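Colleague: Structure file target_25.txt (compact mmCIF, C-alpha atoms) right here:
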# COMPACT_ATOMS: atom_id res chain seq x y z
CA MET A 1 94.99 -84.52 12.50
CA SER A 2 94.82 -80.72 12.30
CA ILE A 3 92.92 -78.77 14.94
CA VAL A 4 92.19 -76.00 12.40
CA SER A 5 88.73 -76.21 10.85
CA ASN A 6 88.34 -77.13 7.20
CA ASN A 7 86.35 -73.93 6.66
CA LEU A 8 89.31 -71.84 7.82
CA LYS A 9 91.64 -73.73 5.47
CA ARG A 10 89.57 -72.44 2.54
CA ILE A 11 90.50 -68.82 3.15
CA LYS A 12 93.67 -66.71 3.21
CA PRO A 13 94.82 -63.80 5.38
CA SER A 14 94.01 -60.32 4.07
CA PRO A 15 96.60 -59.42 1.38
CA THR A 16 96.25 -55.70 2.11
CA MET A 17 97.02 -56.27 5.79
CA ALA A 18 99.95 -58.49 4.78
CA VAL A 19 101.46 -55.77 2.61
CA THR A 20 101.01 -53.18 5.35
CA GLN A 21 102.68 -55.51 7.88
CA LYS A 22 105.61 -56.25 5.53
CA ALA A 23 106.15 -52.52 4.98
CA LYS A 24 106.14 -51.93 8.76
CA GLU A 25 108.69 -54.69 9.28
CA LEU A 26 111.02 -53.26 6.63
CA LYS A 27 110.61 -49.79 8.12
CA ALA A 28 111.41 -51.13 11.60
CA SER A 29 114.59 -52.69 10.22
CA GLY A 30 115.76 -49.23 9.14
CA LYS A 31 114.69 -49.18 5.49
CA ASP A 32 113.05 -46.10 3.99
CA ILE A 33 109.54 -47.29 3.11
CA ILE A 34 106.49 -45.44 1.83
CA GLY A 35 103.28 -47.42 2.33
CA LEU A 36 100.59 -46.98 -0.32
CA GLY A 37 98.76 -50.13 0.71
CA ALA A 38 96.39 -49.10 3.48
CA GLY A 39 92.84 -47.96 2.76
CA GLU A 40 92.81 -45.38 5.51
CA PRO A 41 92.34 -41.59 5.26
CA ASP A 42 95.38 -39.70 6.51
CA PHE A 43 93.16 -36.94 7.94
CA ASP A 44 92.45 -36.93 11.67
CA THR A 45 89.03 -37.53 13.21
CA PRO A 46 87.34 -34.09 13.55
CA ASP A 47 87.49 -32.48 17.00
CA ASN A 48 83.71 -32.33 17.55
CA ILE A 49 83.59 -36.12 17.19
CA LYS A 50 86.50 -36.59 19.61
CA GLN A 51 84.81 -34.30 22.12
CA ALA A 52 81.59 -36.31 21.90
CA ALA A 53 83.57 -39.44 22.80
CA ILE A 54 85.27 -37.69 25.73
CA LYS A 55 81.89 -36.46 26.99
CA ALA A 56 80.51 -40.00 26.77
CA ILE A 57 83.39 -41.25 28.93
CA ASN A 58 82.94 -38.45 31.46
CA ASP A 59 79.19 -39.04 31.58
CA GLY A 60 79.72 -42.72 32.37
CA ASP A 61 78.42 -43.93 29.02
CA THR A 62 80.70 -46.95 29.39
CA LYS A 63 78.30 -49.88 29.81
CA TYR A 64 76.87 -52.52 27.51
CA THR A 65 74.46 -51.19 24.91
CA ALA A 66 71.81 -52.97 22.87
CA VAL A 67 73.55 -55.72 20.88
CA ASP A 68 73.13 -54.06 17.47
CA GLY A 69 73.40 -50.37 18.40
CA THR A 70 72.03 -47.65 20.64
CA PRO A 71 68.67 -46.02 19.85
CA ALA A 72 70.46 -42.67 19.49
CA LEU A 73 72.81 -44.01 16.83
CA LYS A 74 70.06 -45.86 15.00
CA LYS A 75 68.01 -42.65 14.86
CA ALA A 76 71.05 -40.77 13.48
CA ILE A 77 71.47 -43.47 10.81
CA ILE A 78 67.77 -43.26 9.88
CA LYS A 79 68.16 -39.47 9.56
CA LYS A 80 71.26 -39.90 7.37
CA PHE A 81 69.49 -42.28 4.98
CA LYS A 82 66.47 -39.97 4.72
CA GLU A 83 68.41 -36.72 4.17
CA GLU A 84 71.20 -38.03 1.94
CA ASN A 85 69.57 -40.91 0.05
CA ASN A 86 65.82 -40.20 0.36
CA LEU A 87 65.35 -43.64 1.93
CA ASP A 88 62.87 -44.30 4.75
CA TYR A 89 63.72 -46.91 7.41
CA GLN A 90 62.31 -47.82 10.82
CA ILE A 91 64.50 -48.45 13.85
CA ASP A 92 64.08 -52.25 13.55
CA GLN A 93 65.56 -52.07 10.03
CA ILE A 94 68.92 -50.76 11.28
CA THR A 95 71.93 -52.69 12.58
CA VAL A 96 75.25 -51.39 13.94
CA GLY A 97 78.42 -53.46 14.00
CA THR A 98 82.08 -53.25 14.87
CA GLY A 99 83.03 -51.88 11.46
CA GLY A 100 81.53 -52.49 8.04
CA LYS A 101 83.42 -55.78 7.73
CA GLN A 102 81.52 -57.25 10.69
CA VAL A 103 78.20 -56.17 9.21
CA ILE A 104 79.00 -57.97 5.95
CA TYR A 105 80.32 -61.04 7.79
CA ASN A 106 77.20 -61.19 9.98
CA ALA A 107 74.93 -60.84 6.95
CA MET A 108 76.57 -63.74 5.12
CA MET A 109 76.73 -65.95 8.23
CA ALA A 110 73.07 -65.24 8.95
CA THR A 111 71.74 -65.96 5.45
CA LEU A 112 73.93 -68.41 3.55
CA ASN A 113 73.43 -72.17 3.40
CA GLU A 114 75.88 -74.67 1.98
CA GLY A 115 76.04 -74.23 -1.79
CA ASP A 116 74.35 -70.84 -1.96
CA GLU A 117 76.03 -68.65 -4.56
CA VAL A 118 77.14 -65.05 -4.13
CA ILE A 119 78.00 -63.05 -7.25
CA ILE A 120 81.09 -60.89 -6.71
CA PRO A 121 82.32 -58.61 -9.50
CA ALA A 122 86.12 -58.50 -9.73
CA PRO A 123 88.18 -56.53 -8.92
CA TYR A 124 86.65 -56.89 -5.47
CA TRP A 125 87.46 -55.89 -1.92
CA VAL A 126 89.67 -58.71 -0.67
CA SER A 127 87.39 -59.93 2.13
CA TYR A 128 84.20 -60.57 0.13
CA PRO A 129 85.05 -64.06 -1.24
CA ASP A 130 86.59 -65.30 2.00
CA ILE A 131 83.62 -64.16 4.08
CA VAL A 132 81.32 -66.05 1.70
CA LEU A 133 83.50 -69.17 2.00
CA LEU A 134 83.53 -68.97 5.80
CA ALA A 135 79.74 -68.80 5.75
CA GLY A 136 79.57 -71.97 3.63
CA GLY A 137 78.63 -70.21 0.42
CA THR A 138 80.19 -70.29 -3.04
CA PRO A 139 81.72 -67.08 -4.44
CA ILE A 140 80.95 -66.61 -8.15
CA ILE A 141 83.66 -64.26 -9.39
CA LEU A 142 82.85 -62.21 -12.49
CA GLU A 143 85.89 -60.51 -14.02
CA CYS A 144 85.24 -56.91 -15.04
CA ASN A 145 88.22 -55.65 -17.02
CA GLU A 146 89.46 -52.14 -17.67
CA LYS A 147 87.59 -51.98 -21.01
CA GLN A 148 84.31 -52.06 -19.06
CA GLY A 149 85.65 -49.64 -16.46
CA PHE A 150 86.02 -52.45 -13.90
CA LYS A 151 82.21 -52.58 -13.62
CA ILE A 152 79.77 -55.44 -14.16
CA ASN A 153 77.39 -55.03 -17.09
CA PRO A 154 73.76 -56.24 -17.26
CA SER A 155 74.34 -59.07 -19.76
CA GLN A 156 77.26 -60.40 -17.71
CA LEU A 157 75.06 -60.37 -14.61
CA GLU A 158 72.12 -62.03 -16.37
CA LYS A 159 74.28 -64.94 -17.52
CA SER A 160 75.68 -65.54 -14.03
CA ILE A 161 72.40 -65.80 -12.10
CA THR A 162 71.27 -69.34 -11.27
CA LYS A 163 68.68 -70.93 -8.97
CA LYS A 164 71.42 -71.09 -6.33
CA THR A 165 72.20 -67.35 -6.44
CA LYS A 166 71.45 -65.82 -3.03
CA TRP A 167 73.27 -62.48 -3.17
CA ILE A 168 75.13 -60.09 -5.40
CA ILE A 169 77.61 -57.71 -3.79
CA LEU A 170 77.91 -54.24 -5.33
CA ASN A 171 80.58 -51.78 -4.19
CA SER A 172 80.44 -48.20 -5.49
CA PRO A 173 82.69 -46.24 -5.22
CA SER A 174 84.90 -49.29 -5.45
CA ASN A 175 87.80 -50.59 -3.49
CA PRO A 176 90.23 -51.31 -5.22
CA THR A 177 89.53 -49.42 -8.46
CA GLY A 178 87.66 -46.24 -7.48
CA ALA A 179 85.09 -47.11 -10.17
CA CYS A 180 81.61 -45.67 -9.58
CA TYR A 181 78.28 -46.85 -10.97
CA SER A 182 76.16 -44.03 -12.34
CA LYS A 183 72.42 -43.85 -11.65
CA GLU A 184 71.77 -45.16 -15.17
CA GLU A 185 74.16 -48.10 -14.70
CA ILE A 186 72.59 -48.98 -11.34
CA LYS A 187 69.13 -48.91 -12.93
CA GLU A 188 70.27 -51.21 -15.75
CA ILE A 189 71.59 -53.69 -13.17
CA GLY A 190 68.33 -53.24 -11.28
CA ASP A 191 66.32 -54.15 -14.38
CA VAL A 192 68.09 -57.52 -14.46
CA LEU A 193 67.65 -58.14 -10.74
CA GLU A 194 63.93 -57.31 -10.85
CA LYS A 195 63.51 -60.42 -13.01
CA HIS A 196 65.12 -62.61 -10.34
CA PRO A 197 63.26 -62.03 -7.05
CA HIS A 198 65.24 -64.73 -5.20
CA VAL A 199 68.46 -62.67 -5.42
CA PHE A 200 69.30 -60.26 -2.60
CA ILE A 201 71.66 -57.29 -3.03
CA LEU A 202 74.36 -56.20 -0.61
CA SER A 203 75.32 -52.62 -1.46
CA ASP A 204 78.65 -51.59 0.08
CA ASP A 205 78.49 -47.78 0.13
CA ILE A 206 81.38 -47.13 2.52
CA TYR A 207 83.05 -44.66 0.09
CA GLU A 208 79.80 -42.79 -0.65
CA HIS A 209 81.23 -39.38 0.28
CA VAL A 210 84.54 -39.74 -1.57
CA THR A 211 83.52 -38.82 -5.12
CA TYR A 212 84.85 -36.32 -7.62
CA GLY A 213 83.76 -33.80 -10.20
CA ASN A 214 80.15 -33.99 -11.32
CA PHE A 215 79.61 -37.60 -10.26
CA LYS A 216 76.29 -38.04 -8.41
CA PHE A 217 76.09 -40.94 -5.97
CA PHE A 218 73.10 -43.27 -6.31
CA THR A 219 72.50 -46.45 -4.32
CA ILE A 220 70.44 -49.39 -5.53
CA ALA A 221 68.00 -49.30 -2.57
CA GLN A 222 66.67 -46.09 -4.12
CA ILE A 223 64.97 -48.28 -6.74
CA ASP A 224 61.55 -48.84 -5.13
CA ASN A 225 60.97 -52.30 -6.56
CA LEU A 226 64.26 -53.57 -5.13
CA LYS A 227 64.46 -51.85 -1.74
CA GLU A 228 62.98 -54.83 0.16
CA ARG A 229 65.79 -57.03 -1.15
CA VAL A 230 68.68 -54.64 -0.47
CA LEU A 231 70.98 -54.54 2.54
CA THR A 232 72.77 -51.18 2.35
CA MET A 233 76.03 -51.13 4.30
CA ASN A 234 77.87 -47.96 5.24
CA GLY A 235 79.95 -46.61 8.12
CA VAL A 236 81.91 -43.74 9.57
CA SER A 237 85.42 -45.02 8.78
CA LYS A 238 86.15 -43.31 5.47
CA ALA A 239 84.02 -40.15 5.40
CA TYR A 240 84.82 -39.16 8.99
CA SER A 241 88.36 -40.59 9.27
CA MET A 242 87.25 -42.98 12.01
CA THR A 243 88.82 -46.28 10.88
CA GLY A 244 90.03 -47.12 14.41
CA TRP A 245 86.68 -46.36 16.05
CA ARG A 246 85.17 -49.44 14.34
CA ILE A 247 81.59 -48.47 13.57
CA GLY A 248 79.74 -49.79 10.54
CA TYR A 249 76.01 -49.97 9.99
CA ALA A 250 73.39 -51.26 7.60
CA ALA A 251 69.73 -50.84 6.73
CA GLY A 252 67.53 -53.47 5.18
CA PRO A 253 64.77 -56.07 5.54
CA ILE A 254 63.68 -56.73 9.13
CA ASP A 255 64.26 -60.50 8.97
CA ILE A 256 67.86 -60.01 7.84
CA ILE A 257 68.47 -57.32 10.47
CA LYS A 258 67.13 -59.63 13.21
CA ALA A 259 69.27 -62.50 11.98
CA ILE A 260 72.35 -60.27 12.02
CA ALA A 261 71.57 -59.29 15.63
CA LYS A 262 71.36 -62.97 16.60
CA ILE A 263 74.81 -63.67 15.12
CA GLN A 264 76.27 -60.60 16.80
CA SER A 265 74.75 -61.53 20.17
CA GLN A 266 76.80 -64.73 20.15
CA SER A 267 80.05 -63.19 18.90
CA THR A 268 81.07 -59.68 19.93
CA SER A 269 77.82 -58.35 21.41
CA ASN A 270 77.57 -54.55 21.08
CA PRO A 271 80.09 -52.23 19.42
CA SER A 272 81.97 -49.89 21.77
CA SER A 273 79.60 -47.54 23.59
CA ILE A 274 82.14 -44.71 23.28
CA SER A 275 82.53 -45.22 19.53
CA GLN A 276 78.77 -45.25 19.10
CA ALA A 277 78.45 -41.91 20.92
CA ALA A 278 81.15 -40.50 18.64
CA ALA A 279 79.34 -41.85 15.56
CA VAL A 280 76.13 -40.08 16.61
CA GLU A 281 78.02 -36.79 16.55
CA ALA A 282 79.67 -37.71 13.24
CA LEU A 283 76.31 -38.24 11.54
CA ASN A 284 74.45 -35.39 13.25
CA GLY A 285 77.23 -32.81 13.45
CA VAL A 286 78.81 -30.50 10.87
CA GLN A 287 79.47 -32.12 7.49
CA ASN A 288 81.25 -29.37 5.53
CA PHE A 289 84.76 -30.83 6.01
CA ILE A 290 83.78 -33.94 3.99
CA LYS A 291 83.65 -31.99 0.72
CA ASP A 292 86.94 -30.20 1.50
CA ARG A 293 88.66 -33.52 2.10
CA ALA A 294 87.23 -34.95 -1.12
CA ILE A 295 88.75 -32.00 -2.98
CA SER A 296 92.14 -32.82 -1.45
CA PHE A 297 91.76 -36.45 -2.51
CA GLN A 298 90.85 -35.34 -6.03
CA GLU A 299 94.03 -33.26 -6.29
CA ARG A 300 96.06 -36.31 -5.27
CA ARG A 301 94.17 -38.55 -7.70
CA ASP A 302 94.85 -36.14 -10.57
CA PHE A 303 98.55 -36.08 -9.77
CA VAL A 304 98.87 -39.84 -9.38
CA VAL A 305 96.93 -40.72 -12.55
CA LYS A 306 98.79 -38.15 -14.66
CA THR A 307 102.20 -39.31 -13.40
CA LEU A 308 101.46 -43.03 -13.79
CA ASN A 309 100.28 -42.60 -17.37
CA LYS A 310 103.63 -41.03 -18.27
CA ILE A 311 105.42 -44.25 -17.33
CA GLU A 312 106.10 -46.62 -20.23
CA GLY A 313 104.40 -49.95 -19.54
CA ILE A 314 101.84 -48.52 -17.09
CA GLU A 315 98.24 -47.60 -17.94
CA CYS A 316 95.85 -46.09 -15.41
CA LEU A 317 92.14 -45.24 -15.62
CA ASN A 318 90.92 -42.06 -13.93
CA PRO A 319 88.45 -43.11 -11.19
CA ASP A 320 85.41 -41.14 -10.05
CA GLY A 321 85.68 -42.00 -6.36
CA ALA A 322 87.32 -43.64 -3.33
CA PHE A 323 91.05 -42.99 -2.83
CA TYR A 324 92.58 -45.71 -4.97
CA VAL A 325 93.87 -46.16 -8.48
CA PHE A 326 94.24 -49.55 -10.15
CA PRO A 327 96.88 -49.26 -12.86
CA SER A 328 97.89 -52.03 -15.24
CA CYS A 329 101.47 -53.28 -15.14
CA LYS A 330 100.93 -55.75 -17.98
CA GLY A 331 103.32 -53.78 -20.17
CA LEU A 332 106.18 -54.64 -17.80
CA ILE A 333 105.54 -58.38 -17.49
CA GLY A 334 108.49 -60.39 -18.79
CA LYS A 335 111.10 -57.77 -17.89
CA LYS A 336 113.79 -58.19 -15.22
CA ASP A 337 114.69 -55.97 -12.29
CA SER A 338 118.18 -54.75 -11.39
CA LYS A 339 118.88 -58.00 -9.50
CA GLY A 340 117.91 -60.13 -12.48
CA LYS A 341 114.56 -61.25 -11.09
CA GLU A 342 111.94 -61.70 -13.81
CA ILE A 343 108.58 -59.97 -13.44
CA LYS A 344 106.27 -62.87 -14.34
CA LYS A 345 103.13 -61.70 -12.53
CA ASP A 346 101.80 -58.64 -10.75
CA ILE A 347 102.93 -60.04 -7.37
CA ASP A 348 106.53 -60.11 -8.68
CA PHE A 349 106.18 -56.48 -9.70
CA VAL A 350 104.85 -55.50 -6.28
CA GLN A 351 107.49 -57.44 -4.33
CA SER A 352 110.35 -56.13 -6.45
CA LEU A 353 109.08 -52.55 -6.14
CA LEU A 354 109.02 -52.89 -2.35
CA GLU A 355 112.39 -54.61 -2.02
CA ASN A 356 114.28 -52.42 -4.50
CA ASN A 357 112.63 -49.00 -4.18
CA GLY A 358 110.81 -49.11 -0.86
CA ILE A 359 107.25 -48.53 -2.13
CA ALA A 360 104.46 -50.74 -0.78
CA VAL A 361 101.46 -51.31 -3.06
CA VAL A 362 99.10 -54.30 -3.43
CA GLN A 363 99.00 -56.72 -6.36
CA GLY A 364 95.86 -56.76 -8.47
CA SER A 365 95.52 -60.54 -8.21
CA ALA A 366 94.71 -60.07 -4.50
CA PHE A 367 91.55 -58.34 -5.72
CA GLY A 368 90.72 -60.99 -8.31
CA LEU A 369 92.29 -59.43 -11.43
CA GLU A 370 95.83 -60.33 -12.50
CA GLY A 371 98.16 -57.79 -14.14
CA PHE A 372 97.34 -54.73 -12.02
CA PHE A 373 98.31 -53.12 -8.73
CA ARG A 374 96.47 -50.89 -6.29
CA ILE A 375 97.77 -47.59 -4.98
CA SER A 376 96.06 -45.88 -2.07
CA TYR A 377 96.62 -42.13 -2.34
CA ALA A 378 95.25 -41.52 1.16
CA THR A 379 98.58 -40.03 2.19
CA SER A 380 100.26 -36.65 1.91
CA MET A 381 101.10 -35.09 -1.45
CA GLU A 382 104.71 -34.96 -0.28
CA ASN A 383 104.73 -38.73 0.18
CA LEU A 384 103.00 -39.25 -3.15
CA LYS A 385 105.56 -37.16 -5.04
CA ILE A 386 108.44 -39.15 -3.57
CA ALA A 387 106.63 -42.46 -4.13
CA LEU A 388 105.77 -41.71 -7.76
CA GLU A 389 109.38 -40.69 -8.45
CA LYS A 390 110.51 -44.05 -7.07
CA ILE A 391 107.85 -45.97 -9.01
CA THR A 392 108.93 -44.16 -12.19
CA SER A 393 112.58 -44.93 -11.48
CA PHE A 394 111.81 -48.58 -10.76
CA CYS A 395 109.83 -49.07 -13.97
CA LYS A 396 112.57 -47.42 -16.03
CA SER A 397 115.15 -49.75 -14.48
CA LEU A 398 113.36 -52.87 -15.70
CA LYS A 399 115.05 -54.43 -18.71
Represent the structure from my file as structure tokens, please.

Modeller:
Amino acid sequence: MSIVSNNLKRIKPSPTMAVTQKAKELKASGKDIIGLGAGEPDFDTPDNIKQAAIKAINDGDTKYTAVDGTPALKKAIIKKFKEENNLDYQIDQITVGTGGKQVIYNAMMATLNEGDEVIIPAPYWVSYPDIVLLAGGTPIILECNEKQGFKINPSQLEKSITKKTKWIILNSPSNPTGACYSKEEIKEIGDVLEKHPHVFILSDDIYEHVTYGNFKFFTIAQIDNLKERVLTMNGVSKAYSMTGWRIGYAAGPIDIIKAIAKIQSQSTSNPSSISQAAAVEALNGVQNFIKDRAISFQERRDFVVKTLNKIEGIECLNPDGAFYVFPSCKGLIGKKDSKGKEIKKDIDFVQSLLENNGIAVVQGSAFGLEGFFRISYATSMENLKIALEKITSFCKSLK
């Protein structure tokens, strides 16, 4: 008899973490590896944010805080939503967690009953389905292919909603594709959801500030008729290069926020007091560097997309946000690498690329769509140039 719970047996470890770990192991063994698997900005946390954390330590701000966030941080989050998204929230509509992942996990654990369905457009961030499974729910995966820009359309959504549907998860800009829903597309999805008042919406906006060109960010809570059914999740990890500080937050209906706090009170309790003080400065302090960093990411995106589309057998859409591309490797399926190994699926492509040419990427099937792979270009242009040369060389070597 196994001691491991049946619920845990239903899920798998994070594929993105697995790729990152494999790359580290190969690097430690002396191999020359470039990792393009991690979703982490390569920029450092700004100095004003670091100094706020140091001040908090020196001031003795090192005790327990309220379970779901300090009043100072909640007020900064309310200010952010008002100034950036024109959304009004009260302090009891805000929750703070140890990263955005915990906020999503808490929300699902606090609201799902056995058999409740959660609609998840694919490609999806790897943790969504497994969090739903852990909470006893049923993930309903809707494949959104490259012809529809990796985005769910209204008719597809309409057909998937049942009496058991509890949530839909929307992620824009998207991990893993970088796809972004325009205001018009969000409103079309909203029109469908307005007809189904039993469905709640979890909007994952963590990449809100990483957008390019003329794209204008719009979040579904800005639709008045839906706001009371929307939990809007965000955080400081991506925009402020604070992945290790572990601060995510959300705004939404009071009953959901209270339920999240109850879950958190029996798991981790409060997020780090020091990280919360730093997050206050992140949200209230200077913001001009965010646009400069987005410009740098756009330059990298342009280079990566242009180079990938020159490779025979690879096709890559040009995303409007985040720092990922999601190219198709379907044109290389059936070929063999230099060691005679056949590329039958995207995972074979990814493994062979890592073993033969030292480039770590993540297979598309990990995100719910076979025949693709994800590249994170949140690394230096120097690394990207070397990596793309090796990817090009690898693809040309396939016979």

Colleague: Under the rule that all atoms listed in the file are counted, which of A:Tyr324, A:Tyr240, A:Phe367, A:Phe394 is the nearest residue to Gln351 in chain A?

Modeller: A:Phe394

Colleague: What is the CA of Leu142 in chain A-CA of Pro154 in chain A distance in Å, reported with one decimal?

Modeller: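 Those two atoms sit 11.9 Å apart.
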
Colleague: Between CA of Val4 in chain A and CA of Tyr128 in chain A, measure the distance and give it in Å to one decimal.

Modeller: 21.3 Å

Colleague: For the atom pair CA of Ala250 in chain A and CA of Leu134 in chain A, what is the interatomic distance in Å to one decimal place?

Modeller: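 CA of Leu134 in chain A lies at a distance of 20.5 Å from CA of Ala250 in chain A.
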
Colleague: Do you know which residues are at most 9 Å from Ile189 in chain A counting all atoms listed in the file, after dropping those on the same chain fewer than 3 positions away, and could you put them as number ranges by chain?

Modeller: A: 152-155, 157-158, 184-186, 192-194, 220

Colleague: Check which residues of range 85-148 of chain A sit at most 10 Å from range 168-174 of chain A using all atoms listed in the file, and return one row each with the closest pair of atoms and their distance in Å to one decimal, ordered by chain and rising number, as JSON lines.

Modeller:
{"residue": "A:Ile104", "atom": "CA", "partner": "A:Ile169", "partner_atom": "CA", "distance": 9.8}
{"residue": "A:Glu117", "atom": "CA", "partner": "A:Ile168", "partner_atom": "CA", "distance": 8.6}
{"residue": "A:Val118", "atom": "CA", "partner": "A:Ile168", "partner_atom": "CA", "distance": 5.5}
{"residue": "A:Ile119", "atom": "CA", "partner": "A:Ile168", "partner_atom": "CA", "distance": 4.5}
{"residue": "A:Ile120", "atom": "CA", "partner": "A:Ile169", "partner_atom": "CA", "distance": 5.5}
{"residue": "A:Pro121", "atom": "CA", "partner": "A:Ile169", "partner_atom": "CA", "distance": 7.5}
{"residue": "A:Pro123", "atom": "CA", "partner": "A:Ser174", "partner_atom": "CA", "distance": 8.7}
{"residue": "A:Tyr124", "atom": "CA", "partner": "A:Ser174", "partner_atom": "CA", "distance": 7.8}
{"residue": "A:Trp125", "atom": "CA", "partner": "A:Ser174", "partner_atom": "CA", "distance": 7.9}
{"residue": "A:Tyr128", "atom": "CA", "partner": "A:Ile169", "partner_atom": "CA", "distance": 8.2}
{"residue": "A:Pro139", "atom": "CA", "partner": "A:Ile168", "partner_atom": "CA", "distance": 9.7}
{"residue": "A:Ile140", "atom": "CA", "partner": "A:Ile168", "partner_atom": "CA", "distance": 9.2}
